[in-house]
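S.K.: What follows is start_28.txt; its format and atoms are compact mmCIF, N, CA and C atoms and all ligand atoms.
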# COMPACT_ATOMS: atom_id res chain seq x y z
N MET A 28 -63.52 30.87 -30.06
CA MET A 28 -62.43 31.83 -30.24
C MET A 28 -61.36 31.61 -29.18
N LEU A 29 -60.12 31.44 -29.62
CA LEU A 29 -59.00 31.29 -28.70
C LEU A 29 -58.31 32.64 -28.56
N GLU A 30 -57.93 32.99 -27.33
CA GLU A 30 -57.28 34.28 -27.13
C GLU A 30 -56.01 34.13 -26.32
N GLY A 31 -55.11 35.10 -26.51
CA GLY A 31 -53.87 35.08 -25.76
C GLY A 31 -53.16 36.41 -25.88
N GLY A 32 -51.95 36.48 -25.33
CA GLY A 32 -51.20 37.72 -25.39
C GLY A 32 -49.86 37.57 -24.69
N CYS A 33 -49.14 38.71 -24.65
CA CYS A 33 -47.78 38.72 -24.11
C CYS A 33 -47.78 39.00 -22.61
N ASN A 34 -46.60 38.99 -22.02
CA ASN A 34 -46.48 39.23 -20.58
C ASN A 34 -46.92 40.63 -20.16
N CYS A 35 -46.62 41.65 -20.97
CA CYS A 35 -46.94 43.01 -20.54
C CYS A 35 -48.35 43.42 -20.94
N GLY A 36 -49.01 42.63 -21.77
CA GLY A 36 -50.40 42.92 -22.14
C GLY A 36 -50.56 43.84 -23.34
N GLN A 37 -49.44 44.29 -23.87
CA GLN A 37 -49.46 45.19 -25.02
C GLN A 37 -49.95 44.48 -26.27
N VAL A 38 -49.54 43.23 -26.45
CA VAL A 38 -49.96 42.42 -27.60
C VAL A 38 -51.06 41.46 -27.15
N ARG A 39 -52.16 41.46 -27.91
CA ARG A 39 -53.23 40.48 -27.72
C ARG A 39 -53.55 39.88 -29.07
N TYR A 40 -54.08 38.67 -29.05
CA TYR A 40 -54.50 38.05 -30.32
C TYR A 40 -55.72 37.18 -30.10
N ALA A 41 -56.40 36.91 -31.20
CA ALA A 41 -57.54 35.99 -31.19
C ALA A 41 -57.40 35.06 -32.39
N ILE A 42 -57.79 33.82 -32.20
CA ILE A 42 -57.73 32.82 -33.27
C ILE A 42 -59.14 32.28 -33.48
N ASP A 43 -59.63 32.47 -34.69
CA ASP A 43 -61.00 32.04 -35.01
C ASP A 43 -60.96 30.70 -35.75
N ALA A 44 -60.32 29.72 -35.13
CA ALA A 44 -60.21 28.38 -35.73
C ALA A 44 -59.68 27.44 -34.66
N GLN A 45 -59.94 26.17 -34.85
CA GLN A 45 -59.27 25.17 -34.02
C GLN A 45 -57.95 24.83 -34.69
N PRO A 46 -56.92 24.53 -33.91
CA PRO A 46 -55.62 24.25 -34.54
C PRO A 46 -55.66 23.02 -35.44
N VAL A 47 -54.95 23.12 -36.55
CA VAL A 47 -54.77 21.99 -37.45
C VAL A 47 -53.87 20.94 -36.78
N ALA A 48 -52.93 21.43 -35.99
CA ALA A 48 -52.03 20.54 -35.25
C ALA A 48 -51.48 21.31 -34.06
N VAL A 49 -51.09 20.56 -33.03
CA VAL A 49 -50.31 21.14 -31.94
C VAL A 49 -48.95 20.45 -31.98
N ALA A 50 -47.92 21.25 -32.24
CA ALA A 50 -46.59 20.69 -32.49
C ALA A 50 -45.59 21.17 -31.45
N GLN A 51 -44.84 20.24 -30.91
CA GLN A 51 -43.67 20.66 -30.14
C GLN A 51 -42.49 20.64 -31.11
N CYS A 52 -41.61 21.63 -30.99
CA CYS A 52 -40.48 21.72 -31.91
C CYS A 52 -39.18 21.80 -31.13
N HIS A 53 -38.29 20.87 -31.46
CA HIS A 53 -37.02 20.75 -30.75
C HIS A 53 -35.85 21.33 -31.54
N CYS A 54 -36.15 22.17 -32.55
CA CYS A 54 -35.04 22.75 -33.32
C CYS A 54 -34.30 23.79 -32.48
N SER A 55 -33.05 24.03 -32.82
CA SER A 55 -32.24 24.91 -31.98
C SER A 55 -32.72 26.37 -32.07
N ASN A 56 -33.34 26.75 -33.18
CA ASN A 56 -33.86 28.11 -33.30
C ASN A 56 -35.03 28.33 -32.35
N CYS A 57 -35.95 27.37 -32.28
CA CYS A 57 -37.06 27.47 -31.32
C CYS A 57 -36.53 27.45 -29.89
N ARG A 58 -35.49 26.66 -29.68
CA ARG A 58 -34.92 26.56 -28.33
C ARG A 58 -34.39 27.93 -27.90
N ARG A 59 -33.63 28.58 -28.80
CA ARG A 59 -33.09 29.90 -28.45
C ARG A 59 -34.21 30.91 -28.28
N GLN A 60 -35.19 30.90 -29.20
CA GLN A 60 -36.22 31.93 -29.12
C GLN A 60 -37.06 31.78 -27.85
N SER A 61 -37.35 30.53 -27.48
CA SER A 61 -38.19 30.31 -26.29
C SER A 61 -37.37 30.38 -25.01
N GLY A 62 -36.06 30.19 -25.12
CA GLY A 62 -35.23 30.11 -23.92
C GLY A 62 -35.50 28.86 -23.12
N SER A 63 -36.14 27.88 -23.77
CA SER A 63 -36.50 26.65 -23.07
C SER A 63 -36.06 25.45 -23.91
N ALA A 64 -36.42 24.25 -23.48
CA ALA A 64 -35.93 23.05 -24.15
C ALA A 64 -36.56 22.84 -25.52
N PHE A 65 -37.80 23.31 -25.68
CA PHE A 65 -38.49 23.19 -26.97
C PHE A 65 -39.64 24.17 -26.95
N SER A 66 -40.25 24.38 -28.14
CA SER A 66 -41.43 25.24 -28.19
C SER A 66 -42.66 24.37 -28.46
N VAL A 67 -43.81 24.87 -28.03
CA VAL A 67 -45.09 24.22 -28.34
C VAL A 67 -45.93 25.23 -29.10
N ASN A 68 -46.43 24.83 -30.26
CA ASN A 68 -47.09 25.76 -31.17
C ASN A 68 -48.43 25.22 -31.64
N LEU A 69 -49.40 26.11 -31.75
CA LEU A 69 -50.65 25.78 -32.43
C LEU A 69 -50.47 26.14 -33.90
N VAL A 70 -50.69 25.19 -34.77
CA VAL A 70 -50.62 25.46 -36.21
C VAL A 70 -52.03 25.80 -36.68
N VAL A 71 -52.19 27.04 -37.14
CA VAL A 71 -53.51 27.54 -37.54
C VAL A 71 -53.39 28.32 -38.85
N PRO A 72 -54.49 28.43 -39.61
CA PRO A 72 -54.45 29.24 -40.83
C PRO A 72 -54.16 30.70 -40.50
N LYS A 73 -53.28 31.29 -41.30
CA LYS A 73 -52.86 32.67 -41.07
C LYS A 73 -54.04 33.62 -40.98
N ASP A 74 -55.04 33.44 -41.85
CA ASP A 74 -56.14 34.41 -41.88
C ASP A 74 -57.14 34.20 -40.75
N ALA A 75 -56.92 33.20 -39.88
CA ALA A 75 -57.78 33.01 -38.72
C ALA A 75 -57.27 33.80 -37.51
N VAL A 76 -56.07 34.40 -37.64
CA VAL A 76 -55.44 35.08 -36.50
C VAL A 76 -55.55 36.59 -36.66
N THR A 77 -56.04 37.28 -35.63
CA THR A 77 -55.98 38.74 -35.61
C THR A 77 -55.18 39.15 -34.38
N THR A 78 -54.30 40.15 -34.58
CA THR A 78 -53.47 40.61 -33.48
C THR A 78 -53.73 42.09 -33.24
N SER A 79 -53.49 42.53 -32.00
CA SER A 79 -53.52 43.96 -31.71
C SER A 79 -52.27 44.30 -30.91
N GLY A 80 -51.82 45.54 -31.04
CA GLY A 80 -50.58 45.96 -30.40
C GLY A 80 -49.42 45.86 -31.37
N ASP A 81 -48.25 46.34 -30.93
CA ASP A 81 -47.06 46.34 -31.79
C ASP A 81 -46.34 45.01 -31.69
N LEU A 82 -45.98 44.47 -32.84
CA LEU A 82 -45.17 43.26 -32.88
C LEU A 82 -43.87 43.57 -33.59
N ALA A 83 -42.76 43.13 -33.03
CA ALA A 83 -41.49 43.20 -33.73
C ALA A 83 -41.28 41.89 -34.47
N CYS A 84 -40.47 41.94 -35.53
CA CYS A 84 -40.28 40.76 -36.37
C CYS A 84 -38.80 40.47 -36.55
N TYR A 85 -38.41 39.24 -36.27
CA TYR A 85 -37.09 38.77 -36.65
C TYR A 85 -37.25 37.81 -37.83
N VAL A 86 -36.65 38.16 -38.96
CA VAL A 86 -36.71 37.28 -40.14
C VAL A 86 -35.62 36.23 -39.98
N ASP A 87 -36.05 35.02 -39.67
CA ASP A 87 -35.13 33.93 -39.38
C ASP A 87 -34.86 33.16 -40.67
N GLY A 88 -33.69 33.39 -41.27
CA GLY A 88 -33.37 32.76 -42.55
C GLY A 88 -32.63 31.44 -42.40
N ASP A 89 -32.35 31.04 -41.17
CA ASP A 89 -31.59 29.82 -40.91
C ASP A 89 -32.56 28.64 -40.83
N THR A 90 -33.09 28.22 -42.00
CA THR A 90 -34.09 27.15 -42.01
C THR A 90 -33.65 26.03 -42.96
N GLN A 91 -34.20 24.85 -42.74
CA GLN A 91 -33.89 23.67 -43.57
C GLN A 91 -34.28 23.93 -45.02
N SER A 92 -35.47 24.53 -45.22
CA SER A 92 -36.00 24.72 -46.57
C SER A 92 -35.38 25.92 -47.28
N GLY A 93 -34.79 26.82 -46.50
CA GLY A 93 -34.32 28.07 -47.07
C GLY A 93 -35.39 29.15 -47.09
N ASN A 94 -36.66 28.77 -46.84
CA ASN A 94 -37.72 29.77 -46.74
C ASN A 94 -37.68 30.41 -45.37
N PRO A 95 -37.56 31.74 -45.30
CA PRO A 95 -37.45 32.36 -43.98
C PRO A 95 -38.71 32.17 -43.14
N VAL A 96 -38.52 32.19 -41.84
CA VAL A 96 -39.62 32.18 -40.88
C VAL A 96 -39.63 33.54 -40.19
N ASN A 97 -40.76 34.23 -40.23
CA ASN A 97 -40.87 35.51 -39.53
C ASN A 97 -41.27 35.24 -38.09
N ARG A 98 -40.36 35.52 -37.19
CA ARG A 98 -40.63 35.28 -35.77
C ARG A 98 -41.08 36.59 -35.13
N LEU A 99 -42.35 36.64 -34.76
CA LEU A 99 -42.95 37.87 -34.23
C LEU A 99 -43.00 37.81 -32.71
N PHE A 100 -42.64 38.95 -32.09
CA PHE A 100 -42.56 38.99 -30.63
C PHE A 100 -42.91 40.38 -30.13
N CYS A 101 -43.22 40.49 -28.86
CA CYS A 101 -43.52 41.79 -28.27
C CYS A 101 -42.22 42.55 -28.05
N PRO A 102 -42.07 43.76 -28.63
CA PRO A 102 -40.82 44.51 -28.48
C PRO A 102 -40.65 45.09 -27.08
N LYS A 103 -41.71 45.10 -26.29
CA LYS A 103 -41.62 45.67 -24.94
C LYS A 103 -41.19 44.62 -23.92
N CYS A 104 -41.85 43.47 -23.91
CA CYS A 104 -41.54 42.46 -22.89
C CYS A 104 -40.82 41.24 -23.45
N GLY A 105 -40.73 41.13 -24.78
CA GLY A 105 -39.96 40.04 -25.38
C GLY A 105 -40.69 38.72 -25.54
N SER A 106 -41.95 38.65 -25.15
CA SER A 106 -42.67 37.37 -25.30
C SER A 106 -42.76 36.99 -26.78
N PRO A 107 -42.36 35.76 -27.14
CA PRO A 107 -42.58 35.30 -28.51
C PRO A 107 -44.07 35.02 -28.70
N ILE A 108 -44.63 35.45 -29.84
CA ILE A 108 -46.07 35.31 -30.05
C ILE A 108 -46.39 34.30 -31.15
N LEU A 109 -45.84 34.52 -32.33
CA LEU A 109 -46.13 33.57 -33.40
C LEU A 109 -45.04 33.62 -34.46
N SER A 110 -45.02 32.57 -35.27
CA SER A 110 -44.09 32.49 -36.38
C SER A 110 -44.87 32.32 -37.66
N GLU A 111 -44.53 33.16 -38.66
CA GLU A 111 -45.15 33.06 -39.97
C GLU A 111 -44.25 32.19 -40.85
N LEU A 112 -44.85 31.15 -41.41
CA LEU A 112 -44.11 30.27 -42.32
C LEU A 112 -44.32 30.85 -43.70
N THR A 113 -43.29 31.49 -44.25
CA THR A 113 -43.50 32.35 -45.43
C THR A 113 -43.89 31.56 -46.67
N ALA A 114 -43.62 30.25 -46.69
CA ALA A 114 -43.97 29.47 -47.88
C ALA A 114 -45.28 28.73 -47.70
N ASN A 115 -46.07 29.13 -46.72
CA ASN A 115 -47.15 28.29 -46.23
C ASN A 115 -48.26 29.19 -45.68
N PRO A 116 -49.53 28.86 -45.90
CA PRO A 116 -50.60 29.73 -45.39
C PRO A 116 -50.88 29.55 -43.90
N MET A 117 -49.99 28.83 -43.20
CA MET A 117 -50.19 28.57 -41.77
C MET A 117 -49.26 29.46 -40.93
N VAL A 118 -49.67 29.70 -39.70
CA VAL A 118 -48.78 30.31 -38.73
C VAL A 118 -48.68 29.39 -37.52
N ALA A 119 -47.61 29.53 -36.77
CA ALA A 119 -47.39 28.75 -35.56
C ALA A 119 -47.48 29.71 -34.38
N VAL A 120 -48.55 29.58 -33.60
CA VAL A 120 -48.76 30.45 -32.44
C VAL A 120 -48.19 29.77 -31.21
N LYS A 121 -47.38 30.51 -30.45
CA LYS A 121 -46.75 29.93 -29.26
C LYS A 121 -47.82 29.57 -28.22
N ALA A 122 -47.96 28.27 -27.97
CA ALA A 122 -49.07 27.80 -27.13
C ALA A 122 -49.02 28.39 -25.71
N GLY A 123 -47.81 28.67 -25.23
CA GLY A 123 -47.68 29.19 -23.88
C GLY A 123 -48.21 30.60 -23.70
N THR A 124 -48.53 31.29 -24.81
CA THR A 124 -49.09 32.64 -24.71
C THR A 124 -50.61 32.64 -24.72
N LEU A 125 -51.23 31.46 -24.87
CA LEU A 125 -52.69 31.40 -24.79
C LEU A 125 -53.16 31.71 -23.37
N ASP A 126 -54.32 32.32 -23.27
CA ASP A 126 -54.89 32.53 -21.94
C ASP A 126 -55.15 31.19 -21.25
N ASP A 127 -55.52 30.19 -22.05
CA ASP A 127 -55.76 28.85 -21.50
C ASP A 127 -55.12 27.79 -22.40
N PRO A 128 -53.83 27.53 -22.18
CA PRO A 128 -53.15 26.55 -23.03
C PRO A 128 -53.46 25.10 -22.65
N ALA A 129 -54.13 24.88 -21.52
CA ALA A 129 -54.27 23.51 -20.98
C ALA A 129 -54.86 22.50 -21.96
N PRO A 130 -55.83 22.87 -22.82
CA PRO A 130 -56.42 21.83 -23.68
C PRO A 130 -55.51 21.37 -24.82
N PHE A 131 -54.37 22.03 -25.03
CA PHE A 131 -53.63 21.80 -26.27
C PHE A 131 -52.34 21.01 -26.04
N ALA A 132 -52.52 19.74 -25.71
CA ALA A 132 -51.37 18.85 -25.60
C ALA A 132 -50.80 18.61 -26.99
N PRO A 133 -49.47 18.55 -27.13
CA PRO A 133 -48.89 18.32 -28.44
C PRO A 133 -49.32 16.98 -29.04
N GLY A 134 -49.56 16.99 -30.36
CA GLY A 134 -49.89 15.77 -31.09
C GLY A 134 -48.76 15.31 -31.99
N ILE A 135 -47.85 16.25 -32.32
CA ILE A 135 -46.69 15.88 -33.12
C ILE A 135 -45.43 16.52 -32.53
N SER A 136 -44.31 15.90 -32.82
CA SER A 136 -43.02 16.34 -32.29
C SER A 136 -42.04 16.47 -33.45
N LEU A 137 -41.51 17.69 -33.64
CA LEU A 137 -40.65 17.99 -34.78
C LEU A 137 -39.19 18.14 -34.33
N TRP A 138 -38.29 17.89 -35.27
CA TRP A 138 -36.84 18.05 -35.04
C TRP A 138 -36.33 17.21 -33.87
N ASN A 139 -36.82 15.95 -33.83
CA ASN A 139 -36.33 15.04 -32.80
C ASN A 139 -34.85 14.73 -32.96
N SER A 140 -34.29 15.03 -34.15
CA SER A 140 -32.86 14.81 -34.36
C SER A 140 -32.02 15.72 -33.48
N THR A 141 -32.60 16.84 -33.02
CA THR A 141 -31.84 17.74 -32.14
C THR A 141 -32.52 17.90 -30.77
N ARG A 142 -33.40 16.94 -30.45
CA ARG A 142 -34.08 16.98 -29.14
C ARG A 142 -33.05 16.75 -28.03
N LEU A 143 -33.16 17.50 -26.94
CA LEU A 143 -32.23 17.33 -25.83
C LEU A 143 -32.44 15.95 -25.20
N PRO A 144 -31.34 15.33 -24.77
CA PRO A 144 -31.43 13.92 -24.34
C PRO A 144 -32.32 13.71 -23.12
N TRP A 145 -32.54 14.75 -22.34
CA TRP A 145 -33.36 14.58 -21.13
C TRP A 145 -34.82 14.96 -21.34
N VAL A 146 -35.20 15.28 -22.58
CA VAL A 146 -36.60 15.58 -22.86
C VAL A 146 -37.29 14.32 -23.38
N GLU A 147 -38.31 13.88 -22.68
CA GLU A 147 -39.06 12.71 -23.12
C GLU A 147 -40.30 13.15 -23.87
N VAL A 148 -40.61 12.43 -24.94
CA VAL A 148 -41.81 12.72 -25.73
C VAL A 148 -42.90 11.76 -25.26
N ALA A 149 -44.08 12.29 -25.00
CA ALA A 149 -45.18 11.47 -24.50
C ALA A 149 -45.55 10.39 -25.52
N GLU A 150 -46.02 9.28 -25.01
CA GLU A 150 -46.41 8.17 -25.87
C GLU A 150 -47.55 8.56 -26.81
N GLY A 151 -47.51 8.04 -28.03
CA GLY A 151 -48.60 8.29 -28.96
C GLY A 151 -48.42 9.53 -29.82
N ILE A 152 -47.36 10.30 -29.56
CA ILE A 152 -47.09 11.49 -30.35
C ILE A 152 -46.31 11.11 -31.61
N ALA A 153 -46.75 11.61 -32.76
CA ALA A 153 -46.05 11.33 -34.02
C ALA A 153 -44.74 12.12 -34.05
N CYS A 154 -43.64 11.40 -34.23
CA CYS A 154 -42.31 12.04 -34.17
C CYS A 154 -41.68 12.13 -35.55
N PHE A 155 -41.07 13.26 -35.83
CA PHE A 155 -40.35 13.47 -37.08
C PHE A 155 -38.92 13.89 -36.76
N GLU A 156 -37.97 13.36 -37.51
CA GLU A 156 -36.56 13.71 -37.28
C GLU A 156 -36.31 15.19 -37.51
N ARG A 157 -36.99 15.73 -38.56
CA ARG A 157 -36.86 17.16 -38.84
C ARG A 157 -38.28 17.70 -39.05
N ASN A 158 -38.50 18.50 -40.08
CA ASN A 158 -39.87 18.88 -40.40
C ASN A 158 -40.54 17.75 -41.16
N PRO A 159 -41.85 17.58 -41.04
CA PRO A 159 -42.52 16.54 -41.82
C PRO A 159 -42.49 16.87 -43.32
N GLY A 160 -42.43 15.85 -44.13
CA GLY A 160 -42.54 16.00 -45.57
C GLY A 160 -41.29 16.53 -46.23
ZN ZN A 201 -45.45 42.51 -24.11
ZN ZN A 202 -38.52 24.96 -34.32
Hey, can you dump this file as structure tokens for me?

M.R.:
Amino acid sequence: MLEGGCNCGQVRYAIDAQPVAVAQCHCSNCRRQSGSAFSVNLVVPKDAVTTSGDLACYVDGDTQSGNPVNRLFCPKCGSPILSELTANPMVAVKAGTLDDPAPFAPGISLWNSTRLPWVEVAEGIACFERNPG
């Protein structure tokens, strides 16, 4: 069982699965939401995740596919927690909110077309210009 939560402790979650993928995402929406150069996410089945506490939702309609992404975050401290891919049974959990993110090095890199020029991608990571497929 993987566990994590937000900065203020109001939101906690548990994941009863190993991630299908660990993805870093260099899209500008992830950049704004994380306030950092890119986001790192565990891709896991939606029904493997249980959350407790209040989550606020921003419905992000600015996507390549046109399918909105529900970006869930703690309304008290602002920590981003996970994104629901509405056309897909997977969710993307923000790896930095895990109690122990250390084991989850990214295996794939998304939206390299908008990756900042000073961000290097580690060798051996599968890179996609945008989303895969
Ligand atoms: Zn919080
Ligand atoms: Zn992204």

S.K.: Output as a PyMOL selection string all residues of stretch 29-158 of chain A that backbone DSSP marks as alpha helix (DSSP H).

M.R.: chain A and resi 55-61

S.K.: Please return as a list in words the residues found within 8 Å of ligand ZN 201 (chain A), counting only C-alpha atoms and all ligand atoms.

M.R.: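 Written in the requested form, the residues are Gly32, Cys33, Asn34, Cys35, Gly36, Gln37, Val38, Phe100, Cys101, Pro102, Lys103, Cys104, Gly105 and Ser106 of chain A.
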
S.K.: A:Met28, A:Leu137, A:Pro72, A:Gln45: which is nearest ligand ZN 202 (chain A), counting all atoms listed in the file?

M.R.: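 Using all atoms listed in the file, ligand ZN 202 (chain A) sits closest to A:Leu137.
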
S.K.: So, with only C-alpha atoms and all ligand atoms as the atoms that count, which of A:Ala41, A:Cys57, A:Leu29, A:Leu82 lies closest to ligand ZN 202 (chain A)?

M.R.: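 Closest residue, counting only C-alpha atoms and all ligand atoms: A:Cys57.
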
S.K.: What does the distance between atom CA of A:Ile108 and atom CA of A:Pro46 come to in Å, to one decimal place?

M.R.: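 Here the two named atoms are 15.3 Å from each other.
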
S.K.: Kindly indicate which residue among A:Asn97, A:Gln91, A:Asn115, A:Asn68 lies nearest to A:Ser55, using only C-alpha atoms for the distances.

M.R.: A:Gln91

S.K.: Tell me, in Å to one decimal, how far atom C of A:Asn56 is from atom N of A:Ala119.

M.R.: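 Between atom C of A:Asn56 and atom N of A:Ala119 the gap works out to 13.4 Å.
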
S.K.: Between atom CA of A:Gly31 and atom N of A:Pro116, what is the distance in Å, rounded to a tenth?

M.R.: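 Straight-line distance from atom CA of A:Gly31 to atom N of A:Pro116 works out to 21.5 Å.
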
S.K.: In terms of the shortest atom-to-atom distance over all atoms listed in the file, which of A:Tyr40, A:Phe131, A:Trp138, A:Tyr85 is closest to ligand ZN 202 (chain A)?

M.R.: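 So, comparing all the options, the nearest one is A:Trp138.
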
S.K.: With distances taken over only N, CA and C atoms and all ligand atoms, which residue among A:Ser110, A:Thr141, A:Ser66, A:Thr77 lies nearest ligand ZN 202 (chain A)?

M.R.: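 Smallest separation from ligand ZN 202 (chain A) among the options: A:Ser66.
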
S.K.: Kindly indicate which residue among A:Asn94, A:Cys52, A:Gly62, A:Glu156 lies nearest to ligand ZN 202 (chain A), using all atoms listed in the file for the distances.

M.R.: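 Going through A:Asn94, A:Cys52, A:Gly62, A:Glu156 one by one, the smallest distance to ligand ZN 202 (chain A) is for A:Cys52.
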
S.K.: Give me the residues near A:Asp74 as a PyMOL selection string, where near means some atom within 7 Å (using only N, CA and C atoms) and where sequence neighbours in that chain fewer than 6 positions away do not count.

M.R.: chain A and resi 43+116-118

S.K.: Can you list, as an NGL selection string, every residue of chain A that DSSP puts in strand (DSSP E)?

M.R.: :A and (29-32 or 39-42 or 48-52 or 66-72 or 76-79 or 83-87 or 96-100 or 107-112 or 117-121 or 135-137 or 153-154)

S.K.: Go ahead and write the residues just picked, N, CA and C atoms, as a compact mmCIF listing (two decimals), keeping the file's coordinate frame.

M.R.:
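Just written: selection17.txt:
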# COMPACT_ATOMS: atom_id res chain seq x y z
N LEU A 29 -60.12 31.44 -29.62
CA LEU A 29 -59.00 31.29 -28.70
C LEU A 29 -58.31 32.64 -28.56
N GLU A 30 -57.93 32.99 -27.33
CA GLU A 30 -57.28 34.28 -27.13
C GLU A 30 -56.01 34.13 -26.32
N GLY A 31 -55.11 35.10 -26.51
CA GLY A 31 -53.87 35.08 -25.76
C GLY A 31 -53.16 36.41 -25.88
N GLY A 32 -51.95 36.48 -25.33
CA GLY A 32 -51.20 37.72 -25.39
C GLY A 32 -49.86 37.57 -24.69
N ARG A 39 -52.16 41.46 -27.91
CA ARG A 39 -53.23 40.48 -27.72
C ARG A 39 -53.55 39.88 -29.07
N TYR A 40 -54.08 38.67 -29.05
CA TYR A 40 -54.50 38.05 -30.32
C TYR A 40 -55.72 37.18 -30.10
N ALA A 41 -56.40 36.91 -31.20
CA ALA A 41 -57.54 35.99 -31.19
C ALA A 41 -57.40 35.06 -32.39
N ILE A 42 -57.79 33.82 -32.20
CA ILE A 42 -57.73 32.82 -33.27
C ILE A 42 -59.14 32.28 -33.48
N ALA A 48 -52.93 21.43 -35.99
CA ALA A 48 -52.03 20.54 -35.25
C ALA A 48 -51.48 21.31 -34.06
N VAL A 49 -51.09 20.56 -33.03
CA VAL A 49 -50.31 21.14 -31.94
C VAL A 49 -48.95 20.45 -31.98
N ALA A 50 -47.92 21.25 -32.24
CA ALA A 50 -46.59 20.69 -32.49
C ALA A 50 -45.59 21.17 -31.45
N GLN A 51 -44.84 20.24 -30.91
CA GLN A 51 -43.67 20.66 -30.14
C GLN A 51 -42.49 20.64 -31.11
N CYS A 52 -41.61 21.63 -30.99
CA CYS A 52 -40.48 21.72 -31.91
C CYS A 52 -39.18 21.80 -31.13
N SER A 66 -40.25 24.38 -28.14
CA SER A 66 -41.43 25.24 -28.19
C SER A 66 -42.66 24.37 -28.46
N VAL A 67 -43.81 24.87 -28.03
CA VAL A 67 -45.09 24.22 -28.34
C VAL A 67 -45.93 25.23 -29.10
N ASN A 68 -46.43 24.83 -30.26
CA ASN A 68 -47.09 25.76 -31.17
C ASN A 68 -48.43 25.22 -31.64
N LEU A 69 -49.40 26.11 -31.75
CA LEU A 69 -50.65 25.78 -32.43
C LEU A 69 -50.47 26.14 -33.90
N VAL A 70 -50.69 25.19 -34.77
CA VAL A 70 -50.62 25.46 -36.21
C VAL A 70 -52.03 25.80 -36.68
N VAL A 71 -52.19 27.04 -37.14
CA VAL A 71 -53.51 27.54 -37.54
C VAL A 71 -53.39 28.32 -38.85
N PRO A 72 -54.49 28.43 -39.61
CA PRO A 72 -54.45 29.24 -40.83
C PRO A 72 -54.16 30.70 -40.50
N VAL A 76 -56.07 34.40 -37.64
CA VAL A 76 -55.44 35.08 -36.50
C VAL A 76 -55.55 36.59 -36.66
N THR A 77 -56.04 37.28 -35.63
CA THR A 77 -55.98 38.74 -35.61
C THR A 77 -55.18 39.15 -34.38
N THR A 78 -54.30 40.15 -34.58
CA THR A 78 -53.47 40.61 -33.48
C THR A 78 -53.73 42.09 -33.24
N SER A 79 -53.49 42.53 -32.00
CA SER A 79 -53.52 43.96 -31.71
C SER A 79 -52.27 44.30 -30.91
N ALA A 83 -42.76 43.13 -33.03
CA ALA A 83 -41.49 43.20 -33.73
C ALA A 83 -41.28 41.89 -34.47
N CYS A 84 -40.47 41.94 -35.53
CA CYS A 84 -40.28 40.76 -36.37
C CYS A 84 -38.80 40.47 -36.55
N TYR A 85 -38.41 39.24 -36.27
CA TYR A 85 -37.09 38.77 -36.65
C TYR A 85 -37.25 37.81 -37.83
N VAL A 86 -36.65 38.16 -38.96
CA VAL A 86 -36.71 37.28 -40.14
C VAL A 86 -35.62 36.23 -39.98
N ASP A 87 -36.05 35.02 -39.67
CA ASP A 87 -35.13 33.93 -39.38
C ASP A 87 -34.86 33.16 -40.67
N VAL A 96 -38.52 32.19 -41.84
CA VAL A 96 -39.62 32.18 -40.88
C VAL A 96 -39.63 33.54 -40.19
N ASN A 97 -40.76 34.23 -40.23
CA ASN A 97 -40.87 35.51 -39.53
C ASN A 97 -41.27 35.24 -38.09
N ARG A 98 -40.36 35.52 -37.19
CA ARG A 98 -40.63 35.28 -35.77
C ARG A 98 -41.08 36.59 -35.13
N LEU A 99 -42.35 36.64 -34.76
CA LEU A 99 -42.95 37.87 -34.23
C LEU A 99 -43.00 37.81 -32.71
N PHE A 100 -42.64 38.95 -32.09
CA PHE A 100 -42.56 38.99 -30.63
C PHE A 100 -42.91 40.38 -30.13
N PRO A 107 -42.36 35.76 -27.14
CA PRO A 107 -42.58 35.30 -28.51
C PRO A 107 -44.07 35.02 -28.70
N ILE A 108 -44.63 35.45 -29.84
CA ILE A 108 -46.07 35.31 -30.05
C ILE A 108 -46.39 34.30 -31.15
N LEU A 109 -45.84 34.52 -32.33
CA LEU A 109 -46.13 33.57 -33.40
C LEU A 109 -45.04 33.62 -34.46
N SER A 110 -45.02 32.57 -35.27
CA SER A 110 -44.09 32.49 -36.38
C SER A 110 -44.87 32.32 -37.66
N GLU A 111 -44.53 33.16 -38.66
CA GLU A 111 -45.15 33.06 -39.97
C GLU A 111 -44.25 32.19 -40.85
N LEU A 112 -44.85 31.15 -41.41
CA LEU A 112 -44.11 30.27 -42.32
C LEU A 112 -44.32 30.85 -43.70
N MET A 117 -49.99 28.83 -43.20
CA MET A 117 -50.19 28.57 -41.77
C MET A 117 -49.26 29.46 -40.93
N VAL A 118 -49.67 29.70 -39.70
CA VAL A 118 -48.78 30.31 -38.73
C VAL A 118 -48.68 29.39 -37.52
N ALA A 119 -47.61 29.53 -36.77
CA ALA A 119 -47.39 28.75 -35.56
C ALA A 119 -47.48 29.71 -34.38
N VAL A 120 -48.55 29.58 -33.60
CA VAL A 120 -48.76 30.45 -32.44
C VAL A 120 -48.19 29.77 -31.21
N LYS A 121 -47.38 30.51 -30.45
CA LYS A 121 -46.75 29.93 -29.26
C LYS A 121 -47.82 29.57 -28.22
N ILE A 135 -47.85 16.25 -32.32
CA ILE A 135 -46.69 15.88 -33.12
C ILE A 135 -45.43 16.52 -32.53
N SER A 136 -44.31 15.90 -32.82
CA SER A 136 -43.02 16.34 -32.29
C SER A 136 -42.04 16.47 -33.45
N LEU A 137 -41.51 17.69 -33.64
CA LEU A 137 -40.65 17.99 -34.78
C LEU A 137 -39.19 18.14 -34.33
N ALA A 153 -46.75 11.61 -32.76
CA ALA A 153 -46.05 11.33 -34.02
C ALA A 153 -44.74 12.12 -34.05
N CYS A 154 -43.64 11.40 -34.23
CA CYS A 154 -42.31 12.04 -34.17
C CYS A 154 -41.68 12.13 -35.55

S.K.: Would you list the residues near (-38.1, 33.1, -43.3) (no more than 6 Å away, in the coordinates of the file, using all atoms listed in the file) as a list in words?

M.R.: Val86, Asp87, Gly88, Asn94, Pro95, Val96, Asn97 and Thr113 of chain A

S.K.: What would stretch 102-107 of chain A look like if you wrote it out as a compact mmCIF listing (two decimals), in the first residue's frame, with C-alpha atoms included, from the block I just posted?

M.R.:
# COMPACT_ATOMS: atom_id res chain seq x y z
CA PRO A 102 -8.37 23.66 -0.90
CA LYS A 103 -6.64 24.56 2.36
CA CYS A 104 -2.93 24.35 1.51
CA GLY A 105 -3.07 24.11 -2.29
CA SER A 106 -1.04 20.91 -2.69
CA PRO A 107 -1.88 19.22 -6.01
